[in-house]
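Asker: First the structure, then my questions, so here it is.
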There are 2 protein chains.
Amino acid sequence: MQPFISHLKQGVPLVDVGTMRSLINKVGIETFLTELSVRLEQDFARWQQFDKSARYASHSESGVIELMPISDGEFFSCKYVNGHPKNTHVGLQTVAAFAVLADVDTGYPILLCEMCLLTALRTAATSALVAKYLAPKNTRTLALIGNGAQSEFQALAFKALLGVTHIRLFDIDVNASHKVKKNLADSGLTVDICSSATEAIKGAQVITTCTADKCNATILTSDMVGDGVHINAIGGDCPGKTELDADLLKRAQVFVEYEPQTRIEGDIQQLEETFAVTEFHQLVNGKVHGRVDEQQLTIFDGVGFALEDFSALNYVNELIGKQASTRLDLITQQDDPRDLFSVLQANPAVQVAV
Amino acid sequence: MQPFISHLKQGVPLVDVGTMRSLINKVGIETFLTELSVRLEQDFARWQQFDKSARYASHSESGVIELMPISDGEFFSCKYVNGHPKNTHVGLQTVAAFAVLADVDTGYPILLCEMCLLTALRTAATSALVAKYLAPKNTRTLALIGNGAQSEFQALAFKALLGVTHIRLFDIDVNASHKVKKNLADSGLTVDICSSATEAIKGAQVITTCTADKCNATILTSDMVGDGVHINAIGGDCPGKTELDADLLKRAQVFVEYEPQTRIEGDIQQLEETFAVTEFHQLVNGKVHGRVDEQQLTIFDGVGFALEDFSALNYVNELIGKQASTRLDLITQQDDPRDLFSVLQANPAVQVAV
């Protein structure tokens, strides 16, 4: 039997939160983010090979449950992810995500993976990768507006990929900023807590907006932001949730991941369908220029696309190799596939470590 | 803290193949099928409450990977399922399925479940439930054409729900028929192996076609089948895969689960869009009549719908209660939801049994 087939028959490898923590700490988070960004860049470069679709969303009063499938013909991935802002009132996470990576040739799942941590890492790596093409030369200062779960990952990705040295924080809840400052204490970054968004963006070459409220907010207005800046706007990511003033968007050159999805979910949902945007893969493939002069205002209207999870899952799958210590007995293992009924009678045919 | 919230924080309950086997054997497979059919009937009766969509399918040369999401506003379920006929050549299963059941109010997954066995059970329970409305009175004999993984489950569901006492088997590979006969040896059913489809359907009030080849086959032609029969056609379940002659369909009253999906995947894909079919929920709700006379020819063109997985997952979830012995550490558990980064630094915050 081929080694890969034998591997498939041993149960579905699981990377749970504990395993992911160990993996990230073993690799080192900045190395992890850098290597992941290389993988992301390679995958965006072969954009045309992917079978893409806007995510499936099931909305309810309290939030949304989404499915994000994608395939390149060799691997298929799908992330389950929710968004429930009020969960925090009862001590639950806003986002509870996990994903499956599968082998297209056999249809077998080859990895079941937590996506709470991994989503934060892939989002930060994507932000920093896009900024490598769009941020002003010699970017050193990053303003972080909205200091929630994503902030430290953003700071470290911009440090690792762009050489950012200074972080300027603002959140309407100063405790959130203190949390970020504390978590970054040993990072080598200089971190300042600011009393307003206007103060935070002073001297910053890149501004990340990542706020949580599900509403049409105006975190940045056009008069607040000068030229020669790159805005990484990642908090406006579902219908009815935006962060940027329409006039600011109109002044800028706007980049997106996958236009059909961003028109529905991104900050550009405020604008006419005819407002021109550029998909990021065109930058990666040199079909359009990124920053051409230092006075340009660029915006990445990031909403999170299935391709990024796909890249992250494949990266993690390679990191763990065939060594996943936990495997799930999710697929029956009878010798004759037609004899499914025998599974009910048998002693467990395969002992998998659970 | 509310018990339910506390339950959510203890990790995602897992029902793997071994747990499912124990559960089915503990309940008894005929009781399981009967109780599941009650649940299915209740859910079909409240059809309008469900947020429905045709399944997402990612096709490749070797097969298909599908996602089947559905929600009733209280629970959300999604099944991952593939179909790879050539897998058997390398000792793998044709179908490797699993699913998640989630709580809509929080977006948290509340059950991760194998769906190899459970899909077979829900398919059989659905077939028998539909036949309760459509099969001739005093149905005692079931013909099973195509004796693969689904056959024993079909036989036992028709025994449990309709009181079937005789099974007539036909498969182009007689070994498949012998497998079914052997597995049903202690079931109390009289099982005959036949040498052709024509022979198998002699004296049968219900005919189940469940063949595996992905092609436009003609397992039953119109001249083979007399009146006064119910055909349970469940093998034609994806584009390019049909089992019944178009003339046979045209002679019959055809029932489907969810018309938009069946038009693409079912046997009726051969017919004009205008060919009239009836959705099963209308039967359950008494909006249309089922069998009105004994000469009627009825066909259930079953392709498998997400609602059936939803019903099955909720049934299993109630069976296991809060007692699932294995829980997966798939969702981070930090005290402050905004402090995701702390998960990387912490010792495992929650010890879950894996």
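For the structure tokens, the naming scheme is as follows: chains receive sequential letters (A, B, ...) according to their order of presentation, residues are indexed from 1 within each chain, and ligands are indexed from 1 in presentation order.
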Applying 9 Å and only C-alpha atoms, which residues near Cys113 of chain B remain after dropping the ones on its own chain fewer than 4 positions away? List them as a short mmCIF file (atom, residue, chain, number, x, y, z; two decimals) with C-alpha atoms, in the first residue's frame.

Answerer:
data_model
loop_
_atom_site.label_atom_id
_atom_site.label_comp_id
_atom_site.auth_asym_id
_atom_site.auth_seq_id
_atom_site.Cartn_x
_atom_site.Cartn_y
_atom_site.Cartn_z
CA LEU A 330 -14.09 9.73 11.96
CA PRO B 13 -18.17 16.68 22.11
CA LEU B 14 -17.00 14.07 19.62
CA VAL B 15 -19.00 11.08 18.40
CA ASP B 16 -16.49 9.04 16.44
CA VAL B 17 -17.07 5.73 14.65
CA MET B 20 -21.54 5.68 17.09
CA ALA B 97 -18.29 11.90 5.86
CA PHE B 98 -18.47 13.85 9.09
CA ALA B 99 -20.55 16.76 10.34
CA VAL B 100 -20.82 19.56 12.82
CA LEU B 101 -23.90 20.56 14.79
CA LEU B 118 -25.12 7.98 10.46
CA LEU B 313 -27.42 14.96 14.40
CA VAL B 316 -27.70 11.68 18.30
#

Asker: Quick one: superpose chain A onto chain B using all C-alpha atoms paired in order, least squares, and give it to me as a compact mmCIF listing (two decimals) with C-alpha atoms, in the first residue's frame.

Answerer:
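And here's out.txt as it stands now:
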# COMPACT_ATOMS: atom_id res chain seq x y z
CA MET A 1 -22.96 30.38 34.78
CA GLN A 2 -25.80 28.71 32.94
CA PRO A 3 -25.32 24.94 32.53
CA PHE A 4 -25.48 25.23 28.74
CA ILE A 5 -22.74 27.88 28.64
CA SER A 6 -20.63 25.78 30.98
CA HIS A 7 -21.20 22.81 28.65
CA LEU A 8 -19.98 24.87 25.67
CA LYS A 9 -16.79 25.77 27.48
CA GLN A 10 -15.81 22.16 28.10
CA GLY A 11 -14.75 21.45 24.53
CA VAL A 12 -16.59 20.10 21.50
CA PRO A 13 -18.17 16.67 22.10
CA LEU A 14 -16.98 14.07 19.60
CA VAL A 15 -18.96 11.08 18.38
CA ASP A 16 -16.44 9.06 16.42
CA VAL A 17 -17.03 5.75 14.63
CA GLY A 18 -16.47 3.72 17.78
CA THR A 19 -18.88 5.84 19.82
CA MET A 20 -21.49 5.70 17.06
CA ARG A 21 -21.18 1.91 16.89
CA SER A 22 -21.72 1.66 20.65
CA LEU A 23 -24.64 4.05 20.53
CA ILE A 24 -26.43 2.17 17.73
CA ASN A 25 -25.86 -1.19 19.38
CA LYS A 26 -27.01 0.11 22.76
CA VAL A 27 -30.24 1.59 21.37
CA GLY A 28 -30.74 -1.28 18.90
CA ILE A 29 -30.59 -0.52 15.21
CA GLU A 30 -34.32 -0.95 14.51
CA THR A 31 -35.26 1.27 17.45
CA PHE A 32 -32.65 3.78 16.30
CA LEU A 33 -34.15 3.82 12.78
CA THR A 34 -37.70 4.14 14.11
CA GLU A 35 -36.90 6.95 16.54
CA LEU A 36 -34.89 8.73 13.86
CA SER A 37 -37.82 8.49 11.45
CA VAL A 38 -40.07 10.18 14.02
CA ARG A 39 -37.56 12.99 14.28
CA LEU A 40 -37.32 13.23 10.48
CA GLU A 41 -41.09 13.42 10.17
CA GLN A 42 -41.26 16.21 12.76
CA ASP A 43 -38.57 18.17 10.97
CA PHE A 44 -40.10 17.73 7.50
CA ALA A 45 -43.39 18.94 9.04
CA ARG A 46 -41.76 22.27 9.94
CA TRP A 47 -40.10 22.61 6.54
CA GLN A 48 -40.78 26.36 6.30
CA GLN A 49 -38.69 27.05 9.41
CA PHE A 50 -35.47 25.89 7.74
CA ASP A 51 -32.96 28.05 5.93
CA LYS A 52 -32.34 25.74 2.97
CA SER A 53 -29.91 25.69 0.08
CA ALA A 54 -28.80 23.21 -2.55
CA ARG A 55 -25.52 21.68 -1.44
CA TYR A 56 -22.16 23.15 -2.36
CA ALA A 57 -20.22 20.79 -4.60
CA SER A 58 -16.56 20.90 -5.60
CA HIS A 59 -16.07 18.52 -8.50
CA SER A 60 -12.80 16.98 -9.63
CA GLU A 61 -11.80 14.24 -12.05
CA SER A 62 -11.86 11.63 -9.33
CA GLY A 63 -15.03 12.62 -7.51
CA VAL A 64 -16.86 15.31 -5.61
CA ILE A 65 -16.60 17.00 -2.22
CA GLU A 66 -19.83 18.45 -0.89
CA LEU A 67 -20.97 20.67 1.96
CA MET A 68 -24.55 20.41 3.19
CA PRO A 69 -25.48 23.28 5.51
CA ILE A 70 -28.91 23.98 7.01
CA SER A 71 -30.36 25.87 9.96
CA ASP A 72 -33.69 26.14 11.74
CA GLY A 73 -32.65 29.27 13.65
CA GLU A 74 -31.88 27.26 16.78
CA PHE A 75 -29.39 24.72 15.43
CA PHE A 76 -27.10 24.82 12.42
CA SER A 77 -25.63 21.72 10.86
CA CYS A 78 -23.21 21.10 8.04
CA LYS A 79 -22.04 17.78 6.66
CA TYR A 80 -18.79 17.30 4.79
CA VAL A 81 -19.22 14.39 2.40
CA ASN A 82 -17.32 13.15 -0.61
CA GLY A 83 -18.07 10.66 -3.37
CA HIS A 84 -15.04 8.92 -4.90
CA PRO A 85 -16.03 5.65 -6.62
CA LYS A 86 -12.43 4.68 -7.43
CA ASN A 87 -11.29 4.87 -3.80
CA THR A 88 -12.11 1.19 -3.42
CA HIS A 89 -9.23 0.34 -5.80
CA VAL A 90 -6.77 1.49 -3.15
CA GLY A 91 -8.62 0.13 -0.13
CA LEU A 92 -10.34 3.37 0.84
CA GLN A 93 -14.04 4.06 1.37
CA THR A 94 -16.08 5.67 -1.39
CA VAL A 95 -17.65 8.02 1.12
CA ALA A 96 -15.85 9.64 4.05
CA ALA A 97 -18.26 11.93 5.85
CA PHE A 98 -18.43 13.88 9.07
CA ALA A 99 -20.53 16.78 10.33
CA VAL A 100 -20.81 19.58 12.81
CA LEU A 101 -23.89 20.57 14.77
CA ALA A 102 -23.79 24.11 16.15
CA ASP A 103 -25.79 26.35 18.45
CA VAL A 104 -27.10 29.30 16.43
CA ASP A 105 -27.38 31.65 19.39
CA THR A 106 -23.66 31.47 20.23
CA GLY A 107 -22.22 30.02 17.01
CA TYR A 108 -20.41 27.37 19.05
CA PRO A 109 -20.06 23.86 17.64
CA ILE A 110 -21.83 21.48 20.03
CA LEU A 111 -21.16 18.16 18.31
CA LEU A 112 -18.59 16.82 15.88
CA CYS A 113 -19.86 13.54 14.50
CA GLU A 114 -18.83 10.77 12.11
CA MET A 115 -21.32 10.56 9.24
CA CYS A 116 -20.31 7.31 7.53
CA LEU A 117 -22.66 5.19 9.64
CA LEU A 118 -25.09 8.00 10.45
CA THR A 119 -25.62 8.89 6.77
CA ALA A 120 -26.53 5.28 6.01
CA LEU A 121 -29.02 5.30 8.89
CA ARG A 122 -30.65 8.61 8.00
CA THR A 123 -30.91 7.63 4.33
CA ALA A 124 -32.61 4.34 5.23
CA ALA A 125 -34.91 6.01 7.76
CA THR A 126 -35.90 8.65 5.18
CA SER A 127 -36.59 6.00 2.52
CA ALA A 128 -38.81 4.03 4.87
CA LEU A 129 -40.57 7.15 6.18
CA VAL A 130 -41.44 8.26 2.64
CA ALA A 131 -42.60 4.73 1.85
CA LYS A 132 -44.97 4.82 4.84
CA TYR A 133 -46.89 7.47 2.88
CA LEU A 134 -46.52 5.93 -0.56
CA ALA A 135 -46.08 2.15 -0.43
CA PRO A 136 -49.06 -0.13 -1.15
CA LYS A 137 -51.04 -1.32 1.86
CA ASN A 138 -49.68 -4.51 3.38
CA THR A 139 -46.27 -4.12 1.86
CA ARG A 140 -44.27 -7.22 2.81
CA THR A 141 -41.65 -7.62 0.10
CA LEU A 142 -38.81 -5.22 -0.72
CA ALA A 143 -36.59 -5.65 -3.76
CA LEU A 144 -33.09 -4.24 -3.30
CA ILE A 145 -31.28 -3.58 -6.55
CA GLY A 146 -27.66 -2.69 -5.95
CA ASN A 147 -26.36 -4.39 -2.82
CA GLY A 148 -23.71 -2.01 -1.58
CA ALA A 149 -23.16 -0.23 1.71
CA GLN A 150 -26.75 1.01 2.06
CA SER A 151 -28.59 -2.31 1.62
CA GLU A 152 -28.78 -3.76 5.13
CA PHE A 153 -29.83 -0.40 6.53
CA GLN A 154 -32.63 -0.18 3.96
CA ALA A 155 -33.81 -3.70 4.74
CA LEU A 156 -33.93 -3.06 8.48
CA ALA A 157 -35.62 0.34 8.14
CA PHE A 158 -38.38 -1.15 5.97
CA LYS A 159 -38.76 -4.01 8.46
CA ALA A 160 -38.98 -1.64 11.41
CA LEU A 161 -41.22 1.01 9.85
CA LEU A 162 -43.38 -0.92 7.37
CA GLY A 163 -43.28 -4.51 8.61
CA VAL A 164 -41.46 -5.85 5.56
CA THR A 165 -40.69 -9.56 5.96
CA HIS A 166 -39.09 -10.53 2.63
CA ILE A 167 -36.06 -9.07 0.85
CA ARG A 168 -35.20 -9.87 -2.76
CA LEU A 169 -31.62 -8.98 -3.73
CA PHE A 170 -29.93 -8.31 -7.03
CA ASP A 171 -26.50 -6.97 -7.82
CA ILE A 172 -24.31 -7.37 -10.92
CA ASP A 173 -21.74 -8.72 -8.46
CA VAL A 174 -23.35 -11.67 -6.67
CA ASN A 175 -20.78 -11.40 -3.87
CA ALA A 176 -22.43 -8.16 -2.84
CA SER A 177 -25.77 -9.97 -2.51
CA HIS A 178 -24.16 -12.75 -0.45
CA LYS A 179 -22.67 -10.10 1.83
CA VAL A 180 -26.15 -8.63 2.48
CA LYS A 181 -27.73 -12.05 3.02
CA LYS A 182 -25.03 -12.96 5.51
CA ASN A 183 -25.34 -9.68 7.40
CA LEU A 184 -29.12 -10.10 7.64
CA ALA A 185 -28.95 -13.74 8.76
CA ASP A 186 -30.11 -12.98 12.30
CA SER A 187 -32.55 -10.20 11.38
CA GLY A 188 -35.68 -12.31 11.08
CA LEU A 189 -36.02 -11.32 7.42
CA THR A 190 -36.35 -13.88 4.64
CA VAL A 191 -33.70 -13.01 2.09
CA ASP A 192 -33.52 -14.30 -1.51
CA ILE A 193 -30.72 -13.71 -3.97
CA CYS A 194 -31.98 -13.20 -7.52
CA SER A 195 -30.21 -13.47 -10.87
CA SER A 196 -31.64 -10.34 -12.47
CA ALA A 197 -33.43 -7.11 -11.65
CA THR A 198 -36.54 -8.47 -13.36
CA GLU A 199 -36.51 -11.51 -11.09
CA ALA A 200 -35.82 -9.43 -7.98
CA ILE A 201 -38.83 -7.17 -8.42
CA LYS A 202 -41.29 -10.06 -8.83
CA GLY A 203 -43.92 -9.76 -6.12
CA ALA A 204 -42.23 -6.76 -4.49
CA GLN A 205 -44.45 -3.88 -3.40
CA VAL A 206 -41.43 -1.63 -2.94
CA ILE A 207 -38.30 -1.49 -5.11
CA THR A 208 -35.17 0.25 -3.87
CA THR A 209 -32.58 1.10 -6.49
CA CYS A 210 -29.22 1.97 -4.99
CA THR A 211 -26.46 1.35 -7.49
CA ALA A 212 -23.05 2.96 -7.43
CA ASP A 213 -21.86 3.63 -10.98
CA LYS A 214 -21.58 7.28 -11.88
CA CYS A 215 -23.33 7.14 -15.23
CA ASN A 216 -26.75 7.46 -16.79
CA ALA A 217 -27.72 3.83 -16.22
CA THR A 218 -31.10 2.25 -16.76
CA ILE A 219 -31.57 -0.12 -13.86
CA LEU A 220 -35.34 -0.16 -14.33
CA THR A 221 -37.16 0.37 -17.62
CA SER A 222 -40.83 1.16 -17.88
CA ASP A 223 -41.81 -2.23 -19.31
CA MET A 224 -40.18 -4.04 -16.36
CA VAL A 225 -42.36 -2.41 -13.72
CA GLY A 226 -46.09 -2.92 -13.33
CA ASP A 227 -48.54 -0.62 -11.59
CA GLY A 228 -49.25 -0.60 -7.87
CA VAL A 229 -45.60 -0.34 -6.86
CA HIS A 230 -43.51 2.22 -4.99
CA ILE A 231 -39.98 2.80 -6.24
CA ASN A 232 -37.43 4.16 -3.80
CA ALA A 233 -34.74 5.43 -6.17
CA ILE A 234 -31.81 6.65 -4.12
CA GLY A 235 -28.73 5.83 -6.22
CA GLY A 236 -29.17 8.63 -8.75
CA ASP A 237 -27.84 11.43 -6.62
CA CYS A 238 -25.50 13.65 -8.59
CA PRO A 239 -25.25 15.21 -12.04
CA GLY A 240 -24.63 12.49 -14.62
CA LYS A 241 -25.78 9.68 -12.30
CA THR A 242 -29.27 8.28 -12.87
CA GLU A 243 -30.92 4.87 -12.53
CA LEU A 244 -34.42 5.04 -13.96
CA ASP A 245 -35.68 5.10 -17.52
CA ALA A 246 -37.25 8.47 -18.39
CA ASP A 247 -40.46 6.73 -19.52
CA LEU A 248 -40.81 5.10 -16.11
CA LEU A 249 -40.50 8.48 -14.40
CA LYS A 250 -43.13 9.96 -16.74
CA ARG A 251 -45.63 7.21 -15.86
CA ALA A 252 -45.31 7.84 -12.13
CA GLN A 253 -46.12 10.42 -9.51
CA VAL A 254 -42.66 11.57 -8.40
CA PHE A 255 -41.79 12.80 -4.91
CA VAL A 256 -38.60 14.62 -3.99
CA GLU A 257 -36.98 16.13 -0.92
CA TYR A 258 -36.01 19.62 -2.07
CA GLU A 259 -36.87 20.36 -5.67
CA PRO A 260 -34.02 22.82 -6.51
CA GLN A 261 -31.44 20.22 -5.50
CA THR A 262 -33.19 17.20 -7.06
CA ARG A 263 -33.56 18.93 -10.43
CA ILE A 264 -29.75 19.01 -10.57
CA GLU A 265 -28.91 15.69 -8.94
CA GLY A 266 -31.87 13.33 -9.09
CA ASP A 267 -33.26 10.97 -11.70
CA ILE A 268 -35.48 13.83 -12.88
CA GLN A 269 -32.36 15.60 -14.22
CA GLN A 270 -33.23 13.63 -17.40
CA LEU A 271 -36.60 15.36 -17.73
CA GLU A 272 -37.80 18.85 -18.60
CA GLU A 273 -37.82 21.41 -15.81
CA THR A 274 -41.59 21.54 -16.22
CA PHE A 275 -42.11 17.88 -15.24
CA ALA A 276 -44.23 18.08 -12.09
CA VAL A 277 -42.86 16.71 -8.84
CA THR A 278 -44.09 16.94 -5.26
CA GLU A 279 -41.91 17.83 -2.29
CA PHE A 280 -42.23 15.29 0.51
CA HIS A 281 -43.01 17.85 3.23
CA GLN A 282 -46.34 18.45 1.48
CA LEU A 283 -47.26 14.83 2.11
CA VAL A 284 -46.26 15.06 5.75
CA ASN A 285 -48.34 18.19 6.18
CA GLY A 286 -51.35 16.67 4.43
CA LYS A 287 -51.28 19.24 1.64
CA VAL A 288 -51.23 16.52 -1.00
CA HIS A 289 -52.39 12.93 -0.88
CA GLY A 290 -49.94 10.06 -0.99
CA ARG A 291 -51.15 6.77 -2.40
CA VAL A 292 -54.82 7.10 -3.29
CA ASP A 293 -55.33 3.77 -5.04
CA GLU A 294 -53.53 0.46 -5.22
CA GLN A 295 -52.77 0.78 -8.94
CA GLN A 296 -50.77 3.96 -8.56
CA LEU A 297 -47.07 4.00 -9.47
CA THR A 298 -45.10 6.23 -7.10
CA ILE A 299 -41.41 7.11 -7.12
CA PHE A 300 -39.30 8.73 -4.44
CA ASP A 301 -36.38 10.35 -6.26
CA GLY A 302 -34.18 10.62 -3.18
CA VAL A 303 -30.84 12.40 -3.35
CA GLY A 304 -30.23 13.08 0.34
CA PHE A 305 -30.94 16.49 1.79
CA ALA A 306 -29.25 18.48 4.56
CA LEU A 307 -32.44 18.40 6.66
CA GLU A 308 -31.97 14.66 7.14
CA ASP A 309 -28.47 15.10 8.53
CA PHE A 310 -29.79 17.88 10.75
CA SER A 311 -32.45 15.55 12.16
CA ALA A 312 -29.95 12.74 12.67
CA LEU A 313 -27.40 14.97 14.38
CA ASN A 314 -29.99 16.38 16.76
CA TYR A 315 -31.22 12.86 17.54
CA VAL A 316 -27.67 11.70 18.29
CA ASN A 317 -27.00 14.84 20.31
CA GLU A 318 -29.99 14.07 22.51
CA LEU A 319 -28.99 10.41 22.83
CA ILE A 320 -25.55 11.25 24.14
CA GLY A 321 -26.86 14.08 26.32
CA LYS A 322 -24.03 15.83 28.06
CA GLN A 323 -22.19 12.54 28.51
CA ALA A 324 -19.85 12.52 25.50
CA SER A 325 -16.68 11.01 26.87
CA THR A 326 -14.42 12.68 24.35
CA ARG A 327 -14.31 16.42 23.94
CA LEU A 328 -12.09 18.28 21.52
CA ASP A 329 -10.07 21.34 22.48
CA LEU A 330 -11.01 23.16 19.24
CA ILE A 331 -12.04 26.55 20.63
CA THR A 332 -9.77 28.76 22.69
CA GLN A 333 -10.86 29.36 26.28
CA GLN A 334 -9.14 32.52 27.46
CA ASP A 335 -10.96 34.49 30.18
CA ASP A 336 -10.91 37.76 28.23
CA PRO A 337 -12.06 37.05 24.65
CA ARG A 338 -10.00 40.02 23.45
CA ASP A 339 -6.88 38.45 24.93
CA LEU A 340 -6.42 35.71 22.34
CA PHE A 341 -2.67 36.28 22.41
CA SER A 342 -2.54 35.06 26.02
CA VAL A 343 -3.45 31.58 24.76
CA LEU A 344 0.06 31.31 23.34
CA GLN A 345 1.63 32.10 26.67
CA ALA A 346 -0.62 30.17 28.99
CA ASN A 347 -0.42 26.68 30.22
CA PRO A 348 -3.42 24.87 28.80
CA ALA A 349 -6.26 26.82 30.42
CA VAL A 350 -8.68 23.95 30.27
CA GLN A 351 -7.76 20.31 30.42
CA VAL A 352 -10.04 18.48 28.06
CA ALA A 353 -10.00 14.74 27.73
CA VAL A 354 -8.69 13.89 24.29

Asker: Pick out each residue of segment 4-123 of chain A that DSSP on the backbone tags as helix (DSSP H, G or I); I need them as a ChimeraX atom specification.

Answerer: /A:4-8,17-27,29-45,47-49,85-90,116-123

Asker: Write out as a PyMOL selection string the set of residues from segment 101-155 of chain B that DSSP, computed on the backbone, places in strand (DSSP E).

Answerer: chain B and resi 101-103+109-114+141-145
